[in-house]
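J.: Sending over run.txt (compact mmCIF, C-alpha atoms).
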# COMPACT_ATOMS: atom_id res chain seq x y z
CA MET Y 1 -1.01 -2.51 42.30
CA ILE Y 2 -2.30 1.07 42.24
CA ILE Y 3 -5.69 2.32 43.44
CA ARG Y 4 -7.06 5.36 41.61
CA PRO Y 5 -10.46 6.95 40.85
CA VAL Y 6 -12.35 5.41 37.94
CA ALA Y 7 -12.05 7.13 34.54
CA HIS Y 8 -14.05 6.99 31.31
CA HIS Y 9 -11.45 4.82 29.60
CA ASP Y 10 -12.27 2.10 32.18
CA LEU Y 11 -15.76 1.58 30.74
CA ASP Y 12 -15.06 -1.64 28.81
CA ALA Y 13 -13.26 -3.27 31.73
CA LEU Y 14 -15.93 -2.11 34.17
CA GLN Y 15 -18.63 -3.72 32.02
CA GLN Y 16 -16.66 -6.95 31.97
CA ILE Y 17 -16.43 -6.84 35.79
CA ALA Y 18 -20.21 -6.32 35.94
CA VAL Y 19 -20.65 -9.49 33.87
CA GLU Y 20 -18.16 -11.50 35.93
CA SER Y 21 -19.67 -10.49 39.28
CA GLY Y 22 -23.10 -11.88 38.32
CA PRO Y 23 -26.62 -11.35 39.75
CA GLY Y 24 -26.75 -10.04 43.31
CA PHE Y 25 -23.89 -7.58 42.82
CA THR Y 26 -26.31 -4.69 42.43
CA SER Y 27 -23.81 -1.79 42.52
CA LEU Y 28 -22.45 -2.83 39.11
CA ILE Y 29 -24.86 -4.04 36.44
CA ASP Y 30 -24.27 -5.04 32.83
CA ASP Y 31 -25.73 -1.89 31.30
CA ARG Y 32 -23.33 0.34 29.37
CA THR Y 33 -25.39 3.53 29.80
CA PHE Y 34 -25.73 2.89 33.54
CA LEU Y 35 -21.99 2.30 33.89
CA ARG Y 36 -21.09 5.38 31.84
CA ASP Y 37 -23.32 7.51 34.08
CA LYS Y 38 -21.83 5.89 37.18
CA ILE Y 39 -18.31 6.78 36.03
CA GLN Y 40 -19.30 10.39 35.35
CA HIS Y 41 -21.03 10.70 38.71
CA SER Y 42 -17.88 9.42 40.42
CA ILE Y 43 -15.66 11.86 38.50
CA ASP Y 44 -17.97 14.72 39.49
CA SER Y 45 -17.98 13.59 43.13
CA PHE Y 46 -14.18 13.50 43.39
CA ALA Y 47 -13.98 16.97 41.81
CA ARG Y 48 -16.67 18.56 44.00
CA ARG Y 49 -15.81 20.70 47.03
CA VAL Y 50 -17.72 19.06 49.87
CA TYR Y 51 -18.46 20.31 53.40
CA GLU Y 52 -20.98 17.66 54.41
CA PRO Y 53 -21.97 14.33 52.86
CA GLY Y 54 -24.54 14.41 50.08
CA GLN Y 55 -25.22 12.27 47.05
CA GLU Y 56 -21.56 11.83 46.11
CA SER Y 57 -20.41 8.43 44.88
CA TYR Y 58 -16.71 7.52 44.83
CA LEU Y 59 -15.68 4.59 42.65
CA PHE Y 60 -12.06 3.40 42.78
CA VAL Y 61 -10.35 0.86 40.53
CA LEU Y 62 -7.35 -1.35 41.23
CA GLU Y 63 -4.91 -1.30 38.32
CA ASP Y 64 -2.06 -3.65 37.52
CA GLU Y 65 0.54 -1.12 36.43
CA ASP Y 66 2.55 -3.66 34.45
CA SER Y 67 -0.34 -4.67 32.19
CA GLY Y 68 -2.72 -1.73 32.66
CA GLU Y 69 -5.58 -4.16 33.36
CA LEU Y 70 -8.22 -3.52 36.01
CA MET Y 71 -7.94 -6.06 38.81
CA GLY Y 72 -11.05 -4.98 40.71
CA THR Y 73 -13.22 -2.22 42.05
CA THR Y 74 -14.20 -0.67 45.38
CA GLY Y 75 -16.46 2.25 46.24
CA ILE Y 76 -18.12 4.55 48.75
CA GLU Y 77 -21.60 6.09 48.68
CA ALA Y 78 -21.43 9.23 50.81
CA SER Y 79 -25.07 9.31 51.96
CA VAL Y 80 -27.52 6.61 50.93
CA GLY Y 81 -31.28 6.66 50.60
CA LEU Y 82 -31.66 10.37 49.81
CA SER Y 83 -32.76 10.27 46.17
CA SER Y 84 -33.86 6.62 46.07
CA PRO Y 85 -35.11 4.70 49.14
CA LEU Y 86 -32.75 2.19 50.73
CA TYR Y 87 -34.90 -0.70 51.93
CA HIS Y 88 -34.00 -3.41 54.41
CA TYR Y 89 -35.75 -6.05 56.43
CA HIS Y 90 -35.18 -5.82 60.18
CA LYS Y 91 -35.25 -9.15 61.97
CA SER Y 92 -36.90 -9.04 65.39
CA ARG Y 93 -39.28 -11.08 67.55
CA VAL Y 94 -42.95 -10.76 68.36
CA VAL Y 95 -44.33 -12.34 71.52
CA HIS Y 96 -47.88 -13.72 71.67
CA HIS Y 97 -49.00 -14.40 75.22
CA SER Y 98 -52.27 -15.46 76.79
CA SER Y 99 -52.26 -15.49 80.59
CA GLU Y 100 -55.75 -16.99 80.66
CA LEU Y 101 -54.68 -19.99 78.59
CA ASP Y 102 -51.14 -19.94 79.94
CA LEU Y 103 -49.73 -19.96 76.41
CA PHE Y 104 -46.61 -18.15 75.30
CA ASN Y 105 -45.13 -18.01 71.82
CA SER Y 106 -42.15 -16.00 70.50
CA VAL Y 107 -42.02 -15.65 66.72
CA GLU Y 108 -39.31 -14.17 64.48
CA VAL Y 109 -40.54 -11.53 62.03
CA LEU Y 110 -39.09 -9.37 59.23
CA ASN Y 111 -40.22 -5.73 58.97
CA MET Y 112 -39.41 -3.59 55.93
CA CYS Y 113 -37.73 -0.29 56.89
CA ASN Y 114 -35.46 2.59 55.79
CA HIS Y 115 -33.28 2.53 58.89
CA TYR Y 116 -29.96 3.45 57.21
CA THR Y 117 -31.10 6.56 55.31
CA GLY Y 118 -28.30 9.15 55.36
CA CYS Y 119 -25.53 6.72 56.31
CA THR Y 120 -22.32 6.23 54.33
CA GLU Y 121 -22.09 2.91 52.50
CA ILE Y 122 -18.95 1.09 51.44
CA CYS Y 123 -19.74 -0.98 48.38
CA THR Y 124 -18.73 -2.35 44.96
CA LEU Y 125 -15.79 -4.36 46.29
CA TYR Y 126 -14.91 -6.96 43.68
CA LEU Y 127 -11.56 -8.61 42.99
CA ARG Y 128 -11.47 -10.48 39.70
CA PRO Y 129 -10.60 -14.17 40.28
CA ARG Y 130 -7.55 -14.24 38.00
CA PHE Y 131 -6.01 -11.30 39.88
CA ARG Y 132 -6.37 -12.69 43.38
CA ARG Y 133 -2.97 -12.33 45.01
CA ALA Y 134 -1.40 -11.36 48.32
CA ASN Y 135 -2.77 -8.12 49.79
CA ALA Y 136 -5.02 -7.27 46.80
CA GLY Y 137 -8.22 -7.81 48.79
CA LYS Y 138 -6.84 -5.90 51.77
CA LEU Y 139 -5.95 -2.97 49.54
CA LEU Y 140 -9.43 -2.84 47.99
CA SER Y 141 -11.15 -3.04 51.36
CA ARG Y 142 -9.02 -0.73 53.52
CA VAL Y 143 -8.19 1.99 51.02
CA ARG Y 144 -11.71 3.34 51.49
CA PHE Y 145 -11.01 3.92 55.17
CA LEU Y 146 -7.78 5.76 54.39
CA PHE Y 147 -9.74 8.06 52.06
CA MET Y 148 -12.38 8.61 54.78
CA ALA Y 149 -9.73 9.36 57.38
CA GLN Y 150 -8.24 12.07 55.19
CA HIS Y 151 -11.59 13.58 54.12
CA PRO Y 152 -14.00 13.05 57.06
CA GLN Y 153 -16.30 15.93 56.09
CA ARG Y 154 -17.37 13.95 53.02
CA PHE Y 155 -18.87 11.07 55.03
CA ALA Y 156 -21.56 10.34 57.63
CA ASP Y 157 -20.88 9.26 61.21
CA THR Y 158 -22.28 5.76 60.58
CA VAL Y 159 -20.81 3.54 57.87
CA ILE Y 160 -22.60 0.44 56.56
CA ALA Y 161 -21.83 -2.40 54.18
CA GLU Y 162 -24.44 -4.61 52.52
CA MET Y 163 -23.03 -8.10 52.19
CA ARG Y 164 -24.04 -10.33 49.31
CA GLY Y 165 -26.45 -13.06 50.41
CA ILE Y 166 -26.75 -16.71 49.42
CA SER Y 167 -27.48 -17.64 45.82
CA ASP Y 168 -26.92 -20.93 44.01
CA ASP Y 169 -24.75 -21.80 41.00
CA ASN Y 170 -27.54 -20.61 38.70
CA GLY Y 171 -27.69 -17.21 40.38
CA GLU Y 172 -30.99 -17.99 42.12
CA SER Y 173 -31.67 -16.78 45.68
CA PRO Y 174 -33.66 -19.20 47.91
CA PHE Y 175 -35.02 -16.22 49.86
CA TRP Y 176 -36.18 -14.38 46.75
CA ASN Y 177 -37.64 -17.54 45.23
CA TRP Y 178 -40.11 -17.72 48.15
CA LEU Y 179 -41.01 -14.03 47.79
CA ARG Y 180 -41.39 -14.49 44.03
CA VAL Y 181 -43.97 -17.24 44.43
CA HIS Y 182 -46.11 -15.25 46.86
CA PHE Y 183 -45.62 -11.58 45.97
CA VAL Y 184 -43.46 -10.46 43.02
CA ASN Y 185 -43.32 -12.74 39.97
CA LEU Y 186 -39.92 -11.55 38.70
CA ASP Y 187 -36.72 -13.58 38.64
CA PHE Y 188 -33.80 -12.69 40.89
CA ALA Y 189 -31.60 -11.33 38.08
CA THR Y 190 -34.38 -8.95 37.02
CA VAL Y 191 -35.12 -7.53 40.47
CA THR Y 192 -31.43 -7.00 41.27
CA HIS Y 193 -30.96 -5.29 37.90
CA LEU Y 194 -33.95 -3.01 38.55
CA SER Y 195 -32.77 -2.17 42.05
CA GLY Y 196 -29.17 -1.59 40.96
CA ALA Y 197 -30.37 0.80 38.26
CA GLY Y 198 -32.32 2.78 40.87
CA ASN Y 199 -35.77 1.58 39.74
CA LYS Y 200 -37.26 0.70 43.13
CA ARG Y 201 -40.88 1.72 42.60
CA PHE Y 202 -41.92 -1.93 42.34
CA ILE Y 203 -40.77 -2.44 45.94
CA ALA Y 204 -43.33 0.03 47.30
CA GLU Y 205 -46.00 -1.31 44.94
CA LEU Y 206 -45.56 -5.08 45.18
CA MET Y 207 -43.52 -6.06 48.22
CA PRO Y 208 -45.43 -7.05 51.39
CA LYS Y 209 -45.83 -4.08 53.74
CA TYR Y 210 -46.72 -6.09 56.84
CA PRO Y 211 -44.33 -8.21 58.93
CA LEU Y 212 -43.22 -11.51 57.43
CA TYR Y 213 -43.38 -14.33 59.97
CA THR Y 214 -40.26 -16.33 59.17
CA ASN Y 215 -41.81 -19.60 60.35
CA LEU Y 216 -44.14 -19.32 57.35
CA LEU Y 217 -41.23 -19.16 54.89
CA SER Y 218 -39.84 -22.27 53.24
CA ALA Y 219 -36.97 -23.91 55.11
CA SER Y 220 -34.55 -23.00 52.31
CA ALA Y 221 -35.55 -19.32 52.47
CA ARG Y 222 -35.47 -19.21 56.27
CA ASP Y 223 -32.03 -20.83 56.49
CA VAL Y 224 -30.26 -18.13 54.43
CA ILE Y 225 -31.50 -15.09 56.38
CA GLY Y 226 -28.42 -13.17 57.53
CA GLN Y 227 -26.01 -15.53 55.72
CA VAL Y 228 -23.34 -14.37 53.24
CA HIS Y 229 -22.36 -15.74 49.85
CA PRO Y 230 -19.24 -17.96 50.08
CA ASP Y 231 -17.29 -15.53 47.88
CA THR Y 232 -18.17 -12.71 50.31
CA ARG Y 233 -16.99 -14.38 53.53
CA PRO Y 234 -13.41 -13.02 53.32
CA ALA Y 235 -14.75 -9.47 52.86
CA LEU Y 236 -17.08 -9.88 55.84
CA ALA Y 237 -14.24 -11.22 57.99
CA MET Y 238 -12.11 -8.17 57.15
CA LEU Y 239 -14.95 -5.81 58.04
CA GLU Y 240 -15.55 -7.59 61.34
CA ARG Y 241 -11.88 -7.09 62.20
CA GLU Y 242 -12.41 -3.40 61.46
CA GLY Y 243 -15.19 -3.29 64.05
CA PHE Y 244 -18.29 -3.75 61.87
CA ARG Y 245 -21.21 -5.63 63.43
CA HIS Y 246 -24.46 -7.12 62.15
CA LYS Y 247 -27.53 -5.71 63.93
CA ASP Y 248 -30.23 -7.84 62.30
CA TYR Y 249 -30.80 -5.76 59.14
CA VAL Y 250 -30.84 -7.86 55.97
CA ASP Y 251 -31.21 -7.29 52.24
CA LEU Y 252 -34.68 -7.24 50.74
CA PHE Y 253 -33.88 -9.68 47.93
CA ASP Y 254 -31.31 -12.24 49.11
CA ALA Y 255 -31.47 -11.63 52.91
CA GLY Y 256 -27.72 -11.02 53.11
CA PRO Y 257 -26.60 -9.18 56.27
CA THR Y 258 -25.88 -5.46 56.49
CA VAL Y 259 -23.09 -4.57 58.93
CA GLU Y 260 -22.36 -1.18 60.48
CA ALA Y 261 -19.75 0.78 62.44
CA GLU Y 262 -19.18 4.29 63.70
CA ARG Y 263 -16.76 5.95 61.29
CA SER Y 264 -14.39 7.25 63.97
CA GLN Y 265 -14.22 3.79 65.57
CA ILE Y 266 -13.27 1.88 62.42
CA ARG Y 267 -9.87 0.37 63.19
CA SER Y 268 -8.14 1.39 59.96
CA ILE Y 269 -9.33 4.98 60.35
CA ALA Y 270 -8.29 5.19 63.99
CA GLN Y 271 -4.88 3.64 63.35
CA SER Y 272 -3.98 5.48 60.15
CA ARG Y 273 -1.21 8.07 60.41
CA GLN Y 274 -0.53 11.34 58.63
CA CYS Y 275 3.08 12.15 57.82
CA ARG Y 276 5.41 14.01 55.49
CA ILE Y 277 7.30 12.33 52.70
CA GLN Y 278 11.03 12.17 52.07
CA VAL Y 279 11.83 10.93 48.58
CA LEU Y 280 14.99 8.84 48.49
CA ASP Y 281 17.23 8.63 45.45
CA ALA Y 282 20.97 8.42 44.87
CA ASP Y 283 21.49 12.11 45.68
CA THR Y 284 19.32 12.33 48.80
CA ALA Y 285 20.96 13.52 52.01
CA VAL Y 286 19.27 11.10 54.42
CA LEU Y 287 18.32 12.29 57.89
CA ASP Y 288 19.85 10.70 60.95
CA PRO Y 289 16.92 8.36 61.39
CA GLY Y 290 16.87 7.79 65.13
CA PRO Y 291 14.22 5.16 65.87
CA VAL Y 292 12.93 3.56 62.66
CA CYS Y 293 9.57 1.83 62.21
CA GLY Y 294 8.06 -0.29 59.50
CA GLU Y 295 11.12 -1.10 57.41
CA GLY Y 296 10.23 -4.21 55.42
CA GLU Y 297 6.68 -4.27 56.81
CA PRO Y 298 3.65 -3.82 54.51
CA LEU Y 299 2.10 -0.37 54.64
CA LEU Y 300 -0.99 0.92 52.87
CA LEU Y 301 0.16 4.32 51.61
CA ALA Y 302 -1.93 7.05 49.93
CA ASN Y 303 -1.57 10.65 48.91
CA THR Y 304 -4.11 13.13 50.29
CA ALA Y 305 -5.67 14.24 47.00
CA THR Y 306 -9.26 13.70 45.89
CA ALA Y 307 -9.49 13.64 42.07
CA GLY Y 308 -5.79 12.76 41.94
CA PHE Y 309 -6.02 10.12 44.68
CA ARG Y 310 -3.49 7.27 44.48
CA ALA Y 311 -2.76 4.43 46.90
CA THR Y 312 -0.85 1.17 47.07
CA ILE Y 313 0.68 -1.36 49.45
CA THR Y 314 4.44 -1.20 49.82
CA GLU Y 315 7.24 -2.76 51.87
CA GLN Y 316 9.74 -0.15 50.65
CA ALA Y 317 8.89 2.56 53.19
CA ARG Y 318 10.26 3.28 56.63
CA TYR Y 319 8.86 5.65 59.20
CA LEU Y 320 10.89 8.05 61.38
CA PRO Y 321 8.65 8.89 64.36
CA GLU Y 322 10.98 11.61 65.69
CA HIS Y 323 10.53 13.56 62.46
CA GLN Y 324 6.99 12.34 61.55
CA LEU Y 325 8.62 11.43 58.25
CA LEU Y 326 8.05 8.52 55.87
CA GLN Y 327 10.95 7.69 53.57
CA ILE Y 328 10.04 6.14 50.20
CA PRO Y 329 11.96 5.49 46.97
CA ALA Y 330 11.60 7.92 44.08
CA ASP Y 331 9.78 5.48 41.77
CA LEU Y 332 7.10 4.83 44.40
CA ALA Y 333 6.72 8.56 45.02
CA SER Y 334 6.16 9.06 41.29
CA GLN Y 335 3.51 6.32 41.14
CA LEU Y 336 1.58 7.98 43.99
CA SER Y 337 2.12 11.57 42.75
CA LEU Y 338 4.01 12.43 45.93
CA GLU Y 339 6.73 15.07 46.02
CA GLU Y 340 9.41 15.84 48.56
CA GLY Y 341 7.78 17.24 51.71
CA ALA Y 342 4.23 16.30 50.62
CA ILE Y 343 1.70 15.12 53.19
CA ALA Y 344 0.59 11.50 52.91
CA ARG Y 345 -1.38 9.03 55.00
CA PHE Y 346 -0.39 5.47 55.78
CA LEU Y 347 -1.69 2.44 57.63
CA PRO Y 348 0.44 -0.41 59.03
CA LEU Y 349 -1.41 -3.45 57.70
CA ASN Y 350 -0.51 -5.72 60.59
CA ALA Y 351 -1.85 -3.25 63.14
CA SER Y 352 -5.09 -2.68 61.26
CA SER Y 353 -5.79 -6.39 60.93
CA GLY Y 354 -5.92 -6.79 64.69
CA GLU Y 355 -2.55 -8.46 65.23
CA ARG Y 356 -0.60 -7.41 68.31
CA GLN Y 357 1.17 -4.23 67.44
CA THR Y 358 1.04 -1.27 69.82
CA ALA Y 359 0.81 2.38 68.94
CA GLU Y 360 4.19 2.90 70.61
CA HIS Y 361 5.75 0.87 67.79
CA TRP Y 362 4.79 3.67 65.40
CA SER Y 363 5.46 6.70 67.61
CA SER Y 364 8.04 8.10 70.02
CA PRO Y 365 7.53 9.76 73.40
CA SER Y 366 8.63 13.12 72.02
CA ALA Y 367 6.51 12.96 68.86
CA THR Y 368 3.32 15.00 68.71
CA ARG Y 369 0.10 13.57 67.28
CA PHE Y 370 0.58 12.50 63.67
CA SER Y 371 -2.51 14.40 62.55
CA SER Y 372 -1.37 17.75 63.94
CA LEU Y 373 1.28 18.78 61.43
CA ASN Y 374 1.47 22.40 62.53
CA ARG Y 375 3.74 25.23 61.49
CA SER Y 376 6.46 24.46 64.05
CA ASN Y 377 6.62 20.84 62.86
CA THR Y 378 7.00 22.02 59.28
CA GLU Y 379 9.85 24.38 60.15
CA GLU Y 380 11.59 21.65 62.14
CA PHE Y 381 11.30 19.33 59.16
CA ARG Y 382 12.83 21.93 56.80
CA HIS Y 383 15.62 22.65 59.23
CA ALA Y 384 16.44 18.95 59.55
CA LEU Y 385 16.77 18.67 55.78
Please express the file's structure as structure tokens.

T.:
Amino acid sequence: MIIRPVAHHDLDALQQIAVESGPGFTSLIDDRTFLRDKIQHSIDSFARRVYEPGQESYLFVLEDEDSGELMGTTGIEASVGLSSPLYHYHKSRVVHHSSELDLFNSVEVLNMCNHYTGCTEICTLYLRPRFRRANAGKLLSRVRFLFMAQHPQRFADTVIAEMRGISDDNGESPFWNWLRVHFVNLDFATVTHLSGAGNKRFIAELMPKYPLYTNLLSASARDVIGQVHPDTRPALAMLEREGFRHKDYVDLFDAGPTVEAERSQIRSIAQSRQCRIQVLDADTAVLDPGPVCGEGEPLLLANTATAGFRATITEQARYLPEHQLLQIPADLASQLSLEEGAIARFLPLNASSGERQTAEHWSSPSATRFSSLNRSNTEEFRHAL
């Protein structure tokens, strides 16, 4: 399984994924022109030299190298809400109190807002059902954090994820069905298509601008506020292990929760490590390893490129903390476009998932910080070889 940036030859497969994902998955819609433009925007974003986050959009695909088929997608929006408003409902409470009558009433309300303007959004995570296998979902979810860790200047300090809300087998949202009856007479598939295509003018024109008292909603609409679609629960659980939390902001159409985290505090970013690569083949003179870490354990490994970004999960690597060196076989190095002595970034999957695994397991007392590969470290590495 190889993660790489999307390319124009992925258009047909991407359109099929848009069909499979169904209504509510607004970051991919079944519109060939829209998808072609999305691919081009992603290609331009990867190629652009960036010093601070702007309107870049990074779309990655997961490829089965044996068959060449696309297994799924995952993406990052560098800074949302700049060219097109990003609307949410914020759930809060209003208190009505009369001291004269000794009456007190606390009521839940939804207020429309643009709270997350300028934040980075992780999005477009979809793993096709027939390709669901061990570690595929983890790769799609966490690879975005490895890319952020290597290129922090491209992303905002706050990272959000909009989780898909509840819809039935017919693709109908109970929350939207209530809004449709009272405010916007458009079906759920239509409004999600319009929003996904960036046509949000109808929101400002037709959606209620005043607080919605949730006790006035139907029971079916009220019950799904802040709830996730069953297919989205594993993705939400992974994000919660990364440190993401729901702070009562929900989607305008299906009331699914939006979760957030500070970029520097995301577990996979904080625990990722930068290293140099030693490519092992039959002729390699292998270093005296000293302490060895990670042999036989799953690592998420990526090169440090942008347009040429590649990543995968492997159990064929071992880490030498004394040398800040990751040893990998030649065929894996080729798949990830890594050469001898190249810088790479890796993440121990067990550590990032919250299982007990201390930092000392991946470092030695004499090792300097993994991220500070300075000139003296480079010379020491060359001398050791």

J.: Please list as a VMD selection string every residue within 8 Å of Arg276 (chain Y), counting only C-alpha atoms and excluding residues in the same chain fewer than 5 positions away.

T.: chain Y and resid 324 to 326 341 to 344

J.: Given the choices Y:Met1, Y:Ile122, Y:Leu347, Y:Ile29, which gets closest to Ile269 (chain Y) if the distance is worked out from only C-alpha atoms?

T.: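 Closest residue, counting only C-alpha atoms: Y:Leu347.
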
J.: Pick out the closest residue to Leu146 (chain Y) from this set: Y:Asp37, Y:Asp331, Y:Leu338, Y:Ile76. Count only C-alpha atoms.

T.: Y:Ile76

J.: Find the residues around Ala78 (chain Y) up to 9 Å (all atoms listed in the file counted), leave out those fewer than 4 positions away in its own chain, and share them as a PyMOL selection string.

T.: chain Y and resi 53-58+118-122+154-156

J.: With 10 Å as the threshold, what does the neighbourhood of (3.4, 3.6, 42.6) contain in terms of residues, counting all atoms listed in the file? Coordinates are those of the file; answer as a ChimeraX atom specification.

T.: /Y:1-3,65,301-302,310-314,329-338

J.: Identify which of the residues Y:Ser268, Y:Asn114, Y:Thr304, Y:Asn105 lies closest to Arg241 (chain Y), counting all atoms listed in the file when measuring atom-to-atom distances.

T.: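 Of the candidates, the smallest distance to Arg241 (chain Y) is held by Y:Ser268.
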
J.: Using only C-alpha atoms, pick whichever of Y:Thr26, Y:Gln327, Y:Thr74, Y:Thr158 has the shortest atom-to-atom distance to Phe346 (chain Y).

T.: Y:Gln327

J.: Would you pick out the contacts of region 150-153 of chain Y at 10 Å or less, using only C-alpha atoms, so that residues sharing its chain but fewer than 5 positions from it are not included, and give the list as a PyMOL selection string?

T.: chain Y and resi 50-53+78+145+263-264+269+272-274+302-306+344-345+371

J.: To one decimal place, how far is CA of Ser42 (chain Y) from CA of Arg4 (chain Y) in Å?

T.: 11.6 Å

J.: Go through Y:Leu139, Y:Leu239, Y:Val107, Y:Val224 one by one, measure the shortest atom-to-atom distance of each to Ala261 (chain Y) using only C-alpha atoms, and give the residue with the smallest value.

T.: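 Answer, going by the shortest atom-to-atom distance: Y:Leu239.
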
J.: Using only C-alpha atoms for the distances, tell me which of Y:Leu186, Y:Ile160, Y:Val228, Y:Val279 is nearest to Lys247 (chain Y).

T.: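 For Lys247 (chain Y), the nearest of the given residues is Y:Ile160.
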
J.: Could you add N, CA and C atoms to region 139-155 of chain Y and give me the result as a tab-separated table (two decimals), keeping the file's coordinate frame?

T.:
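Generated output (out_4.tsv):
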chain	number	residue	atom	x	y	z
Y	139	LEU	N	-6.08	-4.30	50.12
Y	139	LEU	CA	-5.95	-2.97	49.54
Y	139	LEU	C	-7.32	-2.44	49.11
Y	140	LEU	N	-8.11	-3.27	48.44
Y	140	LEU	CA	-9.43	-2.84	47.99
Y	140	LEU	C	-10.35	-2.50	49.16
Y	141	SER	N	-10.27	-3.26	50.23
Y	141	SER	CA	-11.15	-3.04	51.36
Y	141	SER	C	-10.73	-1.83	52.19
Y	142	ARG	N	-9.45	-1.73	52.54
Y	142	ARG	CA	-9.02	-0.73	53.52
Y	142	ARG	C	-8.70	0.63	52.92
Y	143	VAL	N	-8.50	0.69	51.62
Y	143	VAL	CA	-8.19	1.99	51.02
Y	143	VAL	C	-9.33	2.97	51.22
Y	144	ARG	N	-10.56	2.46	51.28
Y	144	ARG	CA	-11.71	3.34	51.49
Y	144	ARG	C	-11.63	4.04	52.84
Y	145	PHE	N	-11.11	3.33	53.85
Y	145	PHE	CA	-11.01	3.92	55.17
Y	145	PHE	C	-9.90	4.97	55.23
Y	146	LEU	N	-8.83	4.76	54.45
Y	146	LEU	CA	-7.78	5.76	54.39
Y	146	LEU	C	-8.32	7.05	53.75
Y	147	PHE	N	-9.14	6.90	52.71
Y	147	PHE	CA	-9.74	8.06	52.06
Y	147	PHE	C	-10.71	8.77	53.03
Y	148	MET	N	-11.48	8.02	53.79
Y	148	MET	CA	-12.38	8.61	54.78
Y	148	MET	C	-11.62	9.33	55.87
Y	149	ALA	N	-10.52	8.74	56.32
Y	149	ALA	CA	-9.73	9.36	57.38
Y	149	ALA	C	-9.19	10.71	56.96
Y	150	GLN	N	-8.82	10.83	55.69
Y	150	GLN	CA	-8.24	12.07	55.19
Y	150	GLN	C	-9.31	13.11	54.87
Y	151	HIS	N	-10.53	12.66	54.54
Y	151	HIS	CA	-11.59	13.58	54.12
Y	151	HIS	C	-12.87	13.31	54.92
Y	152	PRO	N	-12.85	13.44	56.24
Y	152	PRO	CA	-14.00	13.05	57.06
Y	152	PRO	C	-15.26	13.85	56.79
Y	153	GLN	N	-15.13	15.09	56.33
Y	153	GLN	CA	-16.30	15.93	56.09
Y	153	GLN	C	-17.17	15.39	54.96
Y	154	ARG	N	-16.63	14.50	54.15
Y	154	ARG	CA	-17.37	13.95	53.02
Y	154	ARG	C	-18.27	12.78	53.41
Y	155	PHE	N	-18.20	12.32	54.68
Y	155	PHE	CA	-18.87	11.07	55.03
Y	155	PHE	C	-19.65	11.19	56.33
